[in-house]
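Source file: entry-v3.cif (mmCIF, C-alpha atoms)
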```cif
data_input
loop_
_atom_site.label_atom_id
_atom_site.label_comp_id
_atom_site.auth_asym_id
_atom_site.auth_seq_id
_atom_site.Cartn_x
_atom_site.Cartn_y
_atom_site.Cartn_z
CA MET X 21 282.02 -170.02 206.61
CA ALA X 22 284.41 -167.18 206.42
CA ALA X 23 288.02 -168.28 206.42
CA ARG X 24 289.11 -165.12 208.16
CA GLN X 25 287.96 -164.13 211.57
CA PRO X 26 286.23 -160.79 211.57
CA ARG X 27 288.20 -158.27 213.48
CA PHE X 28 286.27 -155.40 214.97
CA ASN X 29 288.70 -152.76 215.93
CA GLN X 30 286.32 -149.86 216.28
CA HIS X 31 287.06 -149.62 219.96
CA VAL X 32 290.64 -148.60 219.33
CA LEU X 33 289.57 -145.96 216.83
CA ILE X 34 288.03 -143.90 219.57
CA ASP X 35 290.10 -140.80 220.00
CA THR X 36 289.04 -139.16 223.19
CA THR X 37 291.39 -136.22 223.07
CA PRO X 38 289.32 -133.20 224.03
CA LEU X 39 289.28 -129.95 222.15
CA PRO X 40 292.03 -127.50 223.09
CA ASP X 41 291.25 -125.13 225.92
CA ASP X 42 291.15 -122.00 223.78
CA ILE X 43 287.98 -123.26 222.10
CA PRO X 44 284.96 -122.68 224.32
CA LYS X 45 283.27 -125.82 225.51
CA VAL X 46 279.68 -126.59 224.70
CA LYS X 47 277.57 -129.43 225.95
CA GLU X 48 276.26 -131.55 223.11
CA ILE X 49 272.53 -132.02 222.62
CA GLY X 50 272.52 -135.62 223.76
CA ALA X 51 268.99 -136.35 222.60
CA SER X 52 268.21 -139.29 220.36
CA SER X 53 266.30 -139.13 217.11
CA ALA X 54 262.71 -139.34 218.32
CA PRO X 55 262.89 -136.51 220.86
CA LEU X 56 264.77 -134.41 218.34
CA MET X 57 262.13 -135.06 215.71
CA SER X 58 259.40 -134.25 218.19
CA ALA X 59 261.08 -130.96 219.08
CA SER X 60 262.31 -130.16 215.58
CA PHE X 61 259.68 -127.62 214.61
CA PHE X 62 260.13 -125.74 217.87
CA ILE X 63 263.89 -125.77 217.45
CA GLY X 64 263.28 -124.40 213.98
CA ALA X 65 260.90 -121.77 215.32
CA ARG X 66 263.27 -120.40 217.92
CA CYS X 67 266.67 -121.03 216.36
CA LYS X 68 266.02 -120.16 212.73
CA PRO X 69 268.41 -117.16 212.71
CA TYR X 70 271.22 -119.19 214.25
CA ASN X 71 270.59 -122.13 211.95
CA ASP X 72 270.53 -119.96 208.84
CA ASP X 73 273.63 -118.17 210.02
CA TYR X 74 275.49 -121.43 210.49
CA MET X 75 274.44 -122.92 207.18
CA MET X 76 275.33 -119.71 205.38
CA CYS X 77 278.70 -119.65 207.08
CA LYS X 78 279.31 -123.20 205.96
CA THR X 79 278.35 -122.38 202.40
CA GLU X 80 280.45 -119.28 202.20
CA SER X 81 283.58 -120.54 203.90
CA ASN X 82 284.49 -122.55 200.84
CA GLY X 83 285.26 -125.94 202.30
CA ARG X 84 286.73 -124.72 205.55
CA GLY X 85 283.41 -124.48 207.34
CA GLU X 86 284.30 -127.13 209.88
CA LEU X 87 287.09 -124.98 211.25
CA GLU X 88 285.75 -121.50 210.66
CA CYS X 89 282.12 -121.91 211.65
CA MET X 90 282.68 -123.34 215.10
CA LYS X 91 281.38 -120.20 216.77
CA GLU X 92 278.12 -120.33 214.83
CA GLY X 93 277.94 -124.05 215.45
CA ARG X 94 278.17 -123.51 219.19
CA LYS X 95 275.36 -120.99 219.02
CA VAL X 96 273.21 -123.46 217.10
CA THR X 97 273.82 -126.18 219.63
CA ARG X 98 273.20 -123.90 222.61
CA CYS X 99 269.96 -122.63 221.10
CA ALA X 100 268.65 -126.10 220.36
CA ALA X 101 269.64 -127.23 223.84
CA SER X 102 267.76 -124.29 225.32
CA VAL X 103 264.61 -125.28 223.42
CA ILE X 104 264.84 -128.88 224.63
CA GLU X 105 265.50 -127.68 228.16
CA ASP X 106 262.45 -125.41 228.10
CA ILE X 107 260.25 -128.14 226.71
CA ASN X 108 261.49 -130.45 229.44
CA LYS X 109 260.73 -127.84 232.03
CA HIS X 110 257.20 -126.97 230.94
CA CYS X 111 255.76 -129.81 228.87
CA LEU X 112 257.65 -132.88 229.93
CA THR X 113 254.70 -135.30 230.06
CA GLU X 114 253.30 -134.27 226.68
CA PHE X 115 256.75 -134.26 225.15
CA ARG X 116 257.57 -137.68 226.47
CA ARG X 117 254.25 -139.07 225.35
CA HIS X 118 254.81 -137.74 221.83
CA TRP X 119 258.32 -138.98 221.31
CA GLU X 120 257.50 -142.36 222.76
CA CYS X 121 254.64 -142.53 220.30
CA LEU X 122 257.07 -141.63 217.52
CA GLU X 123 259.41 -144.38 218.64
CA ASN X 124 256.60 -146.89 218.58
CA ASN X 125 255.29 -145.79 215.19
CA ASN X 126 258.38 -145.83 213.03
CA GLN X 127 258.75 -142.08 213.56
CA GLN X 128 255.72 -141.39 211.41
CA LEU X 129 254.34 -138.08 212.53
CA TRP X 130 250.86 -138.73 211.15
CA ASN X 131 250.37 -141.69 213.45
CA CYS X 132 250.90 -139.55 216.53
CA ARG X 133 248.57 -136.59 216.03
CA SER X 134 246.47 -137.32 219.07
CA VAL X 135 249.46 -136.85 221.34
CA GLU X 136 250.97 -134.14 219.20
CA ARG X 137 248.04 -131.77 219.64
CA PRO X 138 248.42 -131.42 223.43
CA LEU X 139 252.18 -130.99 223.00
CA ASN X 140 251.76 -128.21 220.44
CA LYS X 141 249.19 -126.50 222.61
CA CYS X 142 251.32 -126.73 225.75
CA ILE X 143 254.37 -125.39 223.97
CA PHE X 144 252.44 -122.58 222.37
CA ASP X 145 250.94 -121.61 225.72
CA ASN X 146 254.18 -121.75 227.66
CA LEU X 147 256.96 -121.02 225.22
CA LYS X 148 255.12 -119.15 222.47
CA LEU X 149 256.63 -121.39 219.85
CA GLU X 150 254.29 -122.47 217.09
CA LYS X 151 254.68 -125.34 214.69
CA THR X 152 254.41 -124.17 211.12
CA VAL X 153 255.31 -126.08 208.00
CA PRO X 154 256.75 -123.66 205.46
CA GLY X 155 255.47 -123.96 201.91
CA THR X 156 252.01 -125.25 202.78
CA PRO X 157 249.59 -124.27 200.00
CA GLU X 158 247.42 -121.23 200.72
CA GLY X 159 243.87 -121.78 201.87
CA GLU X 160 244.48 -125.31 203.03
CA VAL X 161 244.50 -126.62 206.56
CA PRO X 162 248.10 -127.51 207.44
CA VAL X 163 248.49 -131.23 207.64
CA HIS X 164 249.30 -131.32 211.34
CA LEU X 165 246.04 -129.51 212.19
CA ARG X 166 243.68 -131.71 210.21
CA LYS X 167 241.11 -133.62 212.17
CA LYS X 168 241.38 -136.76 210.10
CA GLN X 169 244.63 -138.25 208.96
CA ILE X 170 244.02 -140.39 205.91
CA PHE X 171 247.04 -142.61 206.39
CA ALA X 172 246.88 -142.96 210.15
CA MET X 173 246.42 -146.45 211.44
CA HIS X 174 245.27 -145.09 214.78
CA GLY X 175 245.03 -141.75 216.48
CA MET Y 24 199.17 -186.39 140.79
CA PRO Y 25 198.42 -183.76 143.36
CA GLN Y 26 201.29 -181.44 144.19
CA ASP Y 27 202.50 -180.61 147.68
CA MET Y 28 200.93 -177.31 148.44
CA PRO Y 29 201.45 -174.99 151.43
CA PRO Y 30 199.23 -175.86 154.30
CA VAL Y 31 196.01 -174.06 154.57
CA GLY Y 32 196.54 -170.71 156.24
CA GLY Y 33 200.19 -170.47 155.24
CA TYR Y 34 203.39 -171.59 156.96
CA GLU Y 35 204.23 -170.78 160.56
CA PRO Y 36 206.49 -167.78 160.83
CA VAL Y 37 210.16 -168.79 160.88
CA GLN Y 38 211.82 -167.88 164.17
CA TYR Y 39 214.97 -166.13 163.06
CA LYS Y 40 215.24 -163.82 166.11
CA ARG Y 41 217.10 -165.16 169.11
CA ASN Y 42 214.89 -165.48 172.05
CA LEU Y 43 217.29 -164.68 174.90
CA PRO Y 44 216.05 -163.06 178.07
CA VAL Y 45 217.43 -159.55 178.64
CA ARG Y 46 219.40 -159.49 181.90
CA GLY Y 47 220.52 -156.41 183.74
CA PHE Y 48 220.32 -152.79 182.85
CA ARG Y 49 220.95 -150.88 179.72
CA PRO Y 50 224.61 -150.52 178.78
CA SER Y 51 224.51 -146.78 179.33
CA VAL Y 52 223.65 -147.37 182.96
CA TYR Y 53 226.77 -149.48 183.39
CA LEU Y 54 228.86 -146.86 181.67
CA LEU Y 55 227.50 -144.22 183.96
CA ALA Y 56 228.01 -146.35 187.07
CA THR Y 57 231.60 -147.17 186.12
CA GLY Y 58 232.22 -143.52 185.46
CA LEU Y 59 230.89 -142.54 188.86
CA LEU Y 60 232.91 -145.21 190.62
CA MET Y 61 236.08 -144.20 188.83
CA THR Y 62 235.49 -140.55 189.55
CA TYR Y 63 235.06 -141.26 193.23
CA GLY Y 64 238.16 -143.42 193.29
CA PHE Y 65 240.30 -140.85 191.57
CA TYR Y 66 238.94 -138.18 193.88
CA LYS Y 67 239.99 -140.19 196.91
CA ALA Y 68 243.34 -141.07 195.37
CA GLY Y 69 243.93 -137.41 194.64
CA LYS Y 70 243.11 -136.49 198.20
CA GLY Y 71 245.52 -139.12 199.42
CA ILE Y 72 248.28 -137.91 197.14
CA ARG Y 73 247.80 -134.32 198.27
CA GLU Y 74 247.95 -135.36 201.90
CA HIS Y 75 250.98 -137.48 201.18
CA ASN Y 76 252.73 -134.47 199.67
CA GLU Y 77 251.97 -132.42 202.74
CA LEU Y 78 253.23 -135.16 205.03
CA ALA Y 79 256.40 -135.38 203.00
CA ARG Y 80 256.80 -131.61 203.31
CA GLU Y 81 256.34 -131.83 207.06
CA LYS Y 82 258.90 -134.60 207.40
CA MET Y 83 261.35 -132.75 205.20
CA TRP Y 84 261.05 -129.57 207.24
CA SER Y 85 261.44 -131.39 210.51
CA ARG Y 86 264.72 -132.68 209.17
CA ILE Y 87 265.75 -129.31 207.77
CA HIS Y 88 265.30 -127.75 211.19
CA LEU Y 89 267.55 -130.40 212.70
CA ILE Y 90 270.34 -130.40 210.13
CA PRO Y 91 272.33 -127.49 211.59
CA VAL Y 92 272.30 -129.04 215.06
CA LEU Y 93 273.48 -132.40 213.84
CA GLN Y 94 276.01 -130.89 211.47
CA ALA Y 95 277.43 -128.64 214.16
CA GLU Y 96 277.93 -131.59 216.48
CA GLU Y 97 279.58 -133.65 213.76
CA ASP Y 98 281.84 -130.78 212.70
CA ARG Y 99 282.93 -130.16 216.24
CA ASP Y 100 283.87 -133.80 216.56
CA GLN Y 101 285.78 -133.71 213.30
CA VAL Y 102 287.68 -130.60 214.33
CA ARG Y 103 288.50 -132.17 217.67
CA ARG Y 104 289.97 -135.21 215.95
CA TYR Y 105 291.77 -133.06 213.41
CA LEU Y 106 293.41 -130.91 216.07
CA ALA Y 107 294.30 -133.98 218.09
CA ASP Y 108 295.91 -135.50 215.01
CA LYS Y 109 297.88 -132.38 214.36
CA ALA Y 110 299.08 -132.18 217.93
CA ARG Y 111 300.07 -135.82 217.82
CA GLU Y 112 301.95 -135.32 214.59
CA LYS Y 113 303.77 -132.35 216.02
CA GLU Y 114 304.73 -134.34 219.05
CA LEU Y 115 305.92 -137.37 217.11
CA LEU Y 116 307.51 -135.81 214.04
CA GLY Y 117 308.27 -132.36 215.30
CA SER Y 118 306.83 -130.77 212.18
CA GLU Y 119 303.51 -130.19 210.56
CA THR Y 120 303.23 -131.68 207.11
CA LYS Y 121 300.71 -130.35 204.69
CA VAL Y 122 299.22 -133.31 202.92
CA TYR Y 123 296.81 -131.64 200.54
CA ASN Y 124 297.47 -128.78 198.21
CA SER Y 125 294.47 -126.85 199.42
CA ASP Y 126 293.15 -125.16 202.51
CA ARG Y 127 289.95 -127.14 202.59
CA PHE Y 128 289.08 -129.30 205.52
CA VAL Y 129 289.47 -132.92 204.44
CA ARG Y 130 287.76 -135.63 206.37
CA PRO Y 131 290.47 -138.14 207.17
CA THR Y 132 290.38 -141.47 205.41
CA TYR Y 133 292.54 -143.20 207.98
CA ALA Y 134 292.28 -142.84 211.69
CA VAL Y 135 295.44 -142.72 213.70
CA THR Y 136 294.91 -144.60 216.89
CA PRO Y 137 296.57 -143.28 219.99
CA ASP Y 138 298.88 -145.59 221.87
CA LYS Y 139 296.72 -145.71 224.88
CA GLU Y 140 293.26 -144.39 225.28
CA THR Y 141 293.47 -140.88 226.50
CA LYS Y 142 290.77 -141.13 229.07
#
```
Exercise: express the given structure as C-alpha coordinates:
Amino acid sequence: MAARQPRFNQHVLIDTTPLPDDIPKVKEIGASSAPLMSASFFIGARCKPYNDDYMMCKTESNGRGELECMKEGRKVTRCAASVIEDINKHCLTEFRRHWECLENNNQQLWNCRSVERPLNKCIFDNLKLEKTVPGTPEGEVPVHLRKKQIFAMHG
Amino acid sequence: MPQDMPPVGGYEPVQYKRNLPVRGFRPSVYLLATGLLMTYGFYKAGKGIREHNELAREKMWSRIHLIPVLQAEEDRDQVRRYLADKAREKELLGSETKVYNSDRFVRPTYAVTPDKETK
(Lines of atoms letter the chains of each structure in order from A and count residues from 1; the text may use other names and numbers.)
(Lines give C-alpha, C1' and ligand atoms only; values in the text may rest on other atoms or scores of the structure.)
Protein backbone atom coordinates (compact mmCIF):
# COMPACT_ATOMS: atom_id res chain seq x y z
CA MET A 1 0.00 0.00 0.00
CA ALA A 2 1.23 3.39 -0.89
CA ALA A 3 2.52 5.34 2.07
CA ARG A 4 1.49 8.61 0.54
CA GLN A 5 -2.03 9.51 -0.27
CA PRO A 6 -2.50 10.30 -3.93
CA ARG A 7 -3.39 13.88 -4.41
CA PHE A 8 -5.33 14.72 -7.52
CA ASN A 9 -5.16 18.40 -8.02
CA GLN A 10 -6.21 18.57 -11.63
CA HIS A 11 -9.33 20.46 -10.71
CA VAL A 12 -7.35 23.46 -9.54
CA LEU A 13 -5.29 23.47 -12.72
CA ILE A 14 -8.28 24.51 -14.73
CA ASP A 15 -7.73 28.03 -15.90
CA THR A 16 -10.99 29.32 -17.22
CA THR A 17 -9.83 32.77 -18.19
CA PRO A 18 -11.33 33.43 -21.62
CA LEU A 19 -9.42 34.76 -24.57
CA PRO A 20 -9.13 38.55 -24.72
CA ASP A 21 -11.91 40.36 -26.52
CA ASP A 22 -9.78 41.49 -29.46
CA ILE A 23 -9.49 37.88 -30.62
CA PRO A 24 -12.65 36.78 -32.41
CA LYS A 25 -14.56 34.04 -30.69
CA VAL A 26 -15.20 30.72 -32.32
CA LYS A 27 -17.30 27.88 -31.07
CA GLU A 28 -15.29 24.70 -30.69
CA ILE A 29 -16.26 21.57 -32.58
CA GLY A 30 -17.52 19.75 -29.52
CA ALA A 31 -17.81 16.37 -31.21
CA SER A 32 -16.19 13.28 -29.77
CA SER A 33 -13.89 10.93 -31.61
CA ALA A 34 -16.37 8.60 -33.31
CA PRO A 35 -18.50 11.30 -34.97
CA LEU A 36 -15.34 13.11 -36.01
CA MET A 37 -13.93 9.94 -37.52
CA SER A 38 -17.20 9.28 -39.29
CA ALA A 39 -17.22 12.79 -40.75
CA SER A 40 -13.47 13.01 -41.32
CA PHE A 41 -13.42 12.34 -45.05
CA PHE A 42 -16.17 14.88 -45.65
CA ILE A 43 -14.36 17.44 -43.52
CA GLY A 44 -11.31 16.69 -45.62
CA ALA A 45 -13.29 17.01 -48.83
CA ARG A 46 -14.73 20.41 -48.04
CA CYS A 47 -12.05 21.97 -45.86
CA LYS A 48 -8.88 20.83 -47.61
CA PRO A 49 -7.80 24.38 -48.60
CA TYR A 50 -8.28 25.68 -45.06
CA ASN A 51 -6.56 22.67 -43.54
CA ASP A 52 -3.59 22.93 -45.88
CA ASP A 53 -3.41 26.65 -45.27
CA TYR A 54 -3.34 26.16 -41.52
CA MET A 55 -0.75 23.40 -41.57
CA MET A 56 1.44 25.41 -43.94
CA CYS A 57 1.13 28.44 -41.70
CA LYS A 58 2.19 26.35 -38.75
CA THR A 59 5.17 24.98 -40.62
CA GLU A 60 6.32 28.31 -41.89
CA SER A 61 5.85 30.37 -38.75
CA ASN A 62 8.91 28.79 -37.21
CA GLY A 63 7.67 27.77 -33.80
CA ARG A 64 5.27 30.64 -33.30
CA GLY A 65 2.39 28.98 -35.09
CA GLU A 66 0.22 28.85 -31.99
CA LEU A 67 0.12 32.62 -31.82
CA GLU A 68 0.36 33.57 -35.46
CA CYS A 69 -1.94 31.04 -37.06
CA MET A 70 -5.01 31.70 -34.96
CA LYS A 71 -6.86 33.23 -37.88
CA GLU A 72 -6.29 30.16 -40.05
CA GLY A 73 -7.15 27.96 -37.09
CA ARG A 74 -10.50 29.69 -36.67
CA LYS A 75 -11.24 29.14 -40.34
CA VAL A 76 -10.41 25.46 -39.99
CA THR A 77 -12.69 25.07 -37.01
CA ARG A 78 -15.54 26.99 -38.62
CA CYS A 79 -15.29 24.93 -41.79
CA ALA A 80 -15.29 21.63 -39.94
CA ALA A 81 -18.20 22.80 -37.82
CA SER A 82 -20.11 23.72 -40.96
CA VAL A 83 -19.59 20.22 -42.36
CA ILE A 84 -20.83 18.60 -39.16
CA GLU A 85 -23.78 20.96 -39.06
CA ASP A 86 -24.74 20.12 -42.65
CA ILE A 87 -24.43 16.41 -42.02
CA ASN A 88 -26.62 16.80 -38.96
CA LYS A 89 -29.16 18.70 -40.98
CA HIS A 90 -29.42 16.32 -43.93
CA CYS A 91 -28.21 12.87 -42.91
CA LEU A 92 -28.65 12.71 -39.18
CA THR A 93 -30.01 9.16 -38.96
CA GLU A 94 -27.35 7.66 -41.22
CA PHE A 95 -24.64 9.65 -39.51
CA ARG A 96 -25.75 8.59 -36.08
CA ARG A 97 -26.03 4.98 -37.12
CA HIS A 98 -22.49 5.04 -38.51
CA TRP A 99 -20.76 6.64 -35.59
CA GLU A 100 -22.60 4.47 -33.11
CA CYS A 101 -21.41 1.49 -35.11
CA LEU A 102 -17.87 2.88 -34.93
CA GLU A 103 -18.18 3.27 -31.18
CA ASN A 104 -19.32 -0.31 -30.84
CA ASN A 105 -16.61 -1.70 -33.11
CA ASN A 106 -13.46 -0.21 -31.69
CA GLN A 107 -13.60 2.51 -34.34
CA GLN A 108 -12.71 0.04 -37.05
CA LEU A 109 -14.08 1.43 -40.27
CA TRP A 110 -14.15 -1.93 -42.03
CA ASN A 111 -16.62 -3.33 -39.54
CA CYS A 112 -19.16 -0.63 -40.35
CA ARG A 113 -19.40 -0.68 -44.14
CA SER A 114 -23.04 -1.63 -44.22
CA VAL A 115 -24.00 1.56 -42.42
CA GLU A 116 -21.30 3.60 -44.09
CA ARG A 117 -22.67 3.07 -47.59
CA PRO A 118 -26.01 4.80 -46.93
CA LEU A 119 -24.18 7.64 -45.16
CA ASN A 120 -21.81 8.18 -48.08
CA LYS A 121 -24.69 8.09 -50.53
CA CYS A 122 -26.81 10.52 -48.52
CA ILE A 123 -23.95 12.95 -48.14
CA PHE A 124 -23.04 12.73 -51.78
CA ASP A 125 -26.64 13.34 -52.80
CA ASN A 126 -27.24 16.24 -50.44
CA LEU A 127 -23.89 17.89 -49.85
CA LYS A 128 -21.93 16.79 -52.92
CA LEU A 129 -19.06 15.65 -50.76
CA GLU A 130 -17.45 12.40 -51.78
CA LYS A 131 -15.24 10.15 -49.74
CA THR A 132 -11.97 9.48 -51.50
CA VAL A 133 -8.86 7.95 -50.04
CA PRO A 134 -5.84 9.62 -51.61
CA GLY A 135 -3.05 7.35 -52.78
CA THR A 136 -5.22 4.35 -53.61
CA PRO A 137 -3.50 2.29 -56.31
CA GLU A 138 -4.81 2.80 -59.85
CA GLY A 139 -7.24 0.29 -61.26
CA GLU A 140 -8.28 -1.04 -57.89
CA VAL A 141 -11.61 -0.66 -56.18
CA PRO A 142 -11.12 1.69 -53.22
CA VAL A 143 -11.37 -0.23 -50.01
CA HIS A 144 -14.50 1.51 -48.77
CA LEU A 145 -16.40 0.55 -51.94
CA ARG A 146 -15.58 -3.15 -51.94
CA LYS A 147 -18.46 -5.52 -51.56
CA LYS A 148 -16.62 -7.92 -49.31
CA GLN A 149 -14.43 -6.86 -46.45
CA ILE A 150 -11.96 -9.60 -45.68
CA PHE A 151 -11.40 -8.62 -42.08
CA ALA A 152 -14.95 -7.71 -41.20
CA MET A 153 -16.51 -9.75 -38.45
CA HIS A 154 -19.96 -8.65 -39.57
CA GLY A 155 -21.44 -6.22 -42.04
CA MET B 1 28.91 -91.42 -47.64
CA PRO B 2 26.39 -89.52 -49.67
CA GLN B 3 26.83 -85.76 -49.68
CA ASP B 4 24.10 -83.24 -48.97
CA MET B 5 22.99 -82.11 -52.36
CA PRO B 6 20.55 -79.33 -53.33
CA PRO B 7 17.02 -80.52 -53.39
CA VAL B 8 15.66 -81.67 -56.64
CA GLY B 9 14.49 -78.69 -58.66
CA GLY B 10 16.81 -76.24 -56.93
CA TYR B 11 16.35 -74.04 -53.85
CA GLU B 12 13.39 -71.75 -53.33
CA PRO B 13 14.15 -68.21 -54.33
CA VAL B 14 15.42 -66.17 -51.39
CA GLN B 15 13.06 -63.33 -50.52
CA TYR B 16 15.36 -60.35 -50.28
CA LYS B 17 12.77 -57.75 -51.38
CA ARG B 18 10.61 -56.24 -48.67
CA ASN B 19 7.04 -57.06 -49.16
CA LEU B 20 5.35 -53.90 -47.85
CA PRO B 21 2.05 -52.76 -49.27
CA VAL B 22 2.24 -49.44 -51.13
CA ARG B 23 -0.04 -46.91 -49.42
CA GLY B 24 -1.15 -43.62 -50.85
CA PHE B 25 -0.20 -41.85 -54.00
CA ARG B 26 3.04 -41.27 -55.74
CA PRO B 27 5.30 -38.71 -54.07
CA SER B 28 4.96 -36.33 -56.99
CA VAL B 29 1.25 -36.11 -56.34
CA TYR B 30 1.90 -35.01 -52.77
CA LEU B 31 4.43 -32.47 -53.95
CA LEU B 32 1.94 -31.08 -56.40
CA ALA B 33 -0.87 -30.99 -53.83
CA THR B 34 1.32 -29.21 -51.27
CA GLY B 35 2.36 -26.76 -53.92
CA LEU B 36 -1.23 -26.01 -54.83
CA LEU B 37 -2.25 -25.59 -51.22
CA MET B 38 0.66 -23.28 -50.51
CA THR B 39 -0.03 -21.24 -53.60
CA TYR B 40 -3.63 -20.78 -52.60
CA GLY B 41 -2.64 -19.83 -49.07
CA PHE B 42 -0.11 -17.29 -50.19
CA TYR B 43 -2.60 -15.88 -52.66
CA LYS B 44 -5.13 -15.35 -49.88
CA ALA B 45 -2.50 -13.98 -47.53
CA GLY B 46 -1.39 -11.56 -50.22
CA LYS B 47 -4.95 -10.43 -50.76
CA GLY B 48 -5.31 -9.88 -47.04
CA ILE B 49 -2.10 -7.91 -46.82
CA ARG B 50 -3.14 -5.70 -49.73
CA GLU B 51 -6.49 -5.03 -48.14
CA HIS B 52 -4.81 -4.36 -44.83
CA ASN B 53 -2.58 -1.77 -46.48
CA GLU B 54 -5.60 -0.06 -47.96
CA LEU B 55 -7.40 -0.07 -44.63
CA ALA B 56 -4.34 1.43 -43.00
CA ARG B 57 -4.26 4.10 -45.69
CA GLU B 58 -7.92 4.88 -45.07
CA LYS B 59 -7.43 5.15 -41.33
CA MET B 60 -4.37 7.32 -41.78
CA TRP B 61 -6.19 9.71 -44.09
CA SER B 62 -9.18 9.96 -41.81
CA ARG B 63 -6.78 11.10 -39.13
CA ILE B 64 -4.91 13.43 -41.47
CA HIS B 65 -8.15 15.18 -42.32
CA LEU B 66 -8.85 15.69 -38.63
CA ILE B 67 -5.43 16.85 -37.49
CA PRO B 68 -5.88 20.55 -38.36
CA VAL B 69 -9.18 20.73 -36.49
CA LEU B 70 -7.80 19.13 -33.37
CA GLN B 71 -4.57 21.09 -33.55
CA ALA B 72 -6.40 24.37 -33.99
CA GLU B 73 -8.53 23.71 -30.93
CA GLU B 74 -5.51 22.75 -28.85
CA ASP B 75 -3.51 25.77 -30.01
CA ARG B 76 -6.35 28.11 -29.20
CA ASP B 77 -6.49 26.67 -25.71
CA GLN B 78 -2.76 27.03 -25.28
CA VAL B 79 -2.83 30.63 -26.44
CA ARG B 80 -5.69 31.37 -24.10
CA ARG B 81 -3.72 30.02 -21.16
CA TYR B 82 -0.58 31.79 -22.30
CA LEU B 83 -2.31 35.16 -22.54
CA ALA B 84 -4.01 34.59 -19.22
CA ASP B 85 -0.64 33.81 -17.65
CA LYS B 86 0.87 36.92 -19.10
CA ALA B 87 -1.97 39.09 -17.89
CA ARG B 88 -1.70 37.55 -14.45
CA GLU B 89 2.02 38.15 -14.36
CA LYS B 90 1.54 41.74 -15.39
CA GLU B 91 -1.01 42.22 -12.68
CA LEU B 92 1.07 40.59 -9.95
CA LEU B 93 4.60 41.68 -10.84
CA GLY B 94 3.90 44.74 -12.90
CA SER B 95 6.34 43.64 -15.58
CA GLU B 96 6.62 41.06 -18.27
CA THR B 97 9.63 38.82 -17.90
CA LYS B 98 11.00 37.02 -20.88
CA VAL B 99 11.91 33.56 -19.74
CA TYR B 100 13.30 32.05 -22.91
CA ASN B 101 15.86 33.50 -25.22
CA SER B 102 13.73 32.91 -28.26
CA ASP B 103 10.47 34.01 -29.79
CA ARG B 104 9.08 30.52 -30.07
CA PHE B 105 5.93 29.54 -28.32
CA VAL B 106 6.87 27.26 -25.44
CA ARG B 107 4.29 25.01 -23.92
CA PRO B 108 4.42 25.70 -20.21
CA THR B 109 5.84 23.03 -17.95
CA TYR B 110 4.17 24.38 -14.85
CA ALA B 111 0.66 25.63 -14.58
CA VAL B 112 -0.01 28.65 -12.46
CA THR B 113 -3.26 28.18 -10.68
CA PRO B 114 -5.43 31.19 -10.18
CA ASP B 115 -6.44 32.07 -6.65
CA LYS B 116 -10.04 31.43 -7.25
CA GLU B 117 -11.64 29.87 -10.23
CA THR B 118 -12.49 32.57 -12.66
CA LYS B 119 -15.90 31.30 -13.54
- Task: I need the residue set behind the PyMOL selection byres ((chain X) within 8 of (chain Y)) for this file; please write it as JSON, numbers by chain.
- Result: {"X": [32, 33, 34, 35, 36, 37, 38, 39, 40, 48, 56, 57, 60, 61, 63, 64, 68, 71, 74, 75, 82, 83, 84, 85, 86, 87, 90, 93, 94, 96, 97, 100, 129, 130, 153, 154, 155, 156, 162, 163, 170, 171]}
- What gap, in Å, lies between CA of Cys77 (chain X) and CA of Cys89 (chain X)? 6.1 Å
- Item | Surrounding residues of Thr113 (chain X) excluding itself and chain neighbours under 6 positions, 12 Å, all atoms listed in the file, as a ChimeraX atom specification | /X:107,119-120,135-136,138-139,142-143
- Rounded to one decimal place, report the CA of Glu150 (chain X)-CA of Asp73 (chain X) distance in Å.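 Rounded to one decimal, the two atoms are 21.0 Å apart.
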- Task: Identify, on the basis of all atoms listed in the file, every residue whose closest approach to Lys109 (chain X) does not exceed 12 Å; exclude the query and any residue fewer than 4 positions from it along the same chain; express the result as a ChimeraX atom specification.
- Result: /X:102-105,113-116,142-143,146-147
- Message: Just to confirm, what's the straight-line distance from CA of Gly64 (chain Y) to CA of Glu160 (chain X) in Å (one decimal)?
- Response: 21.5 Å
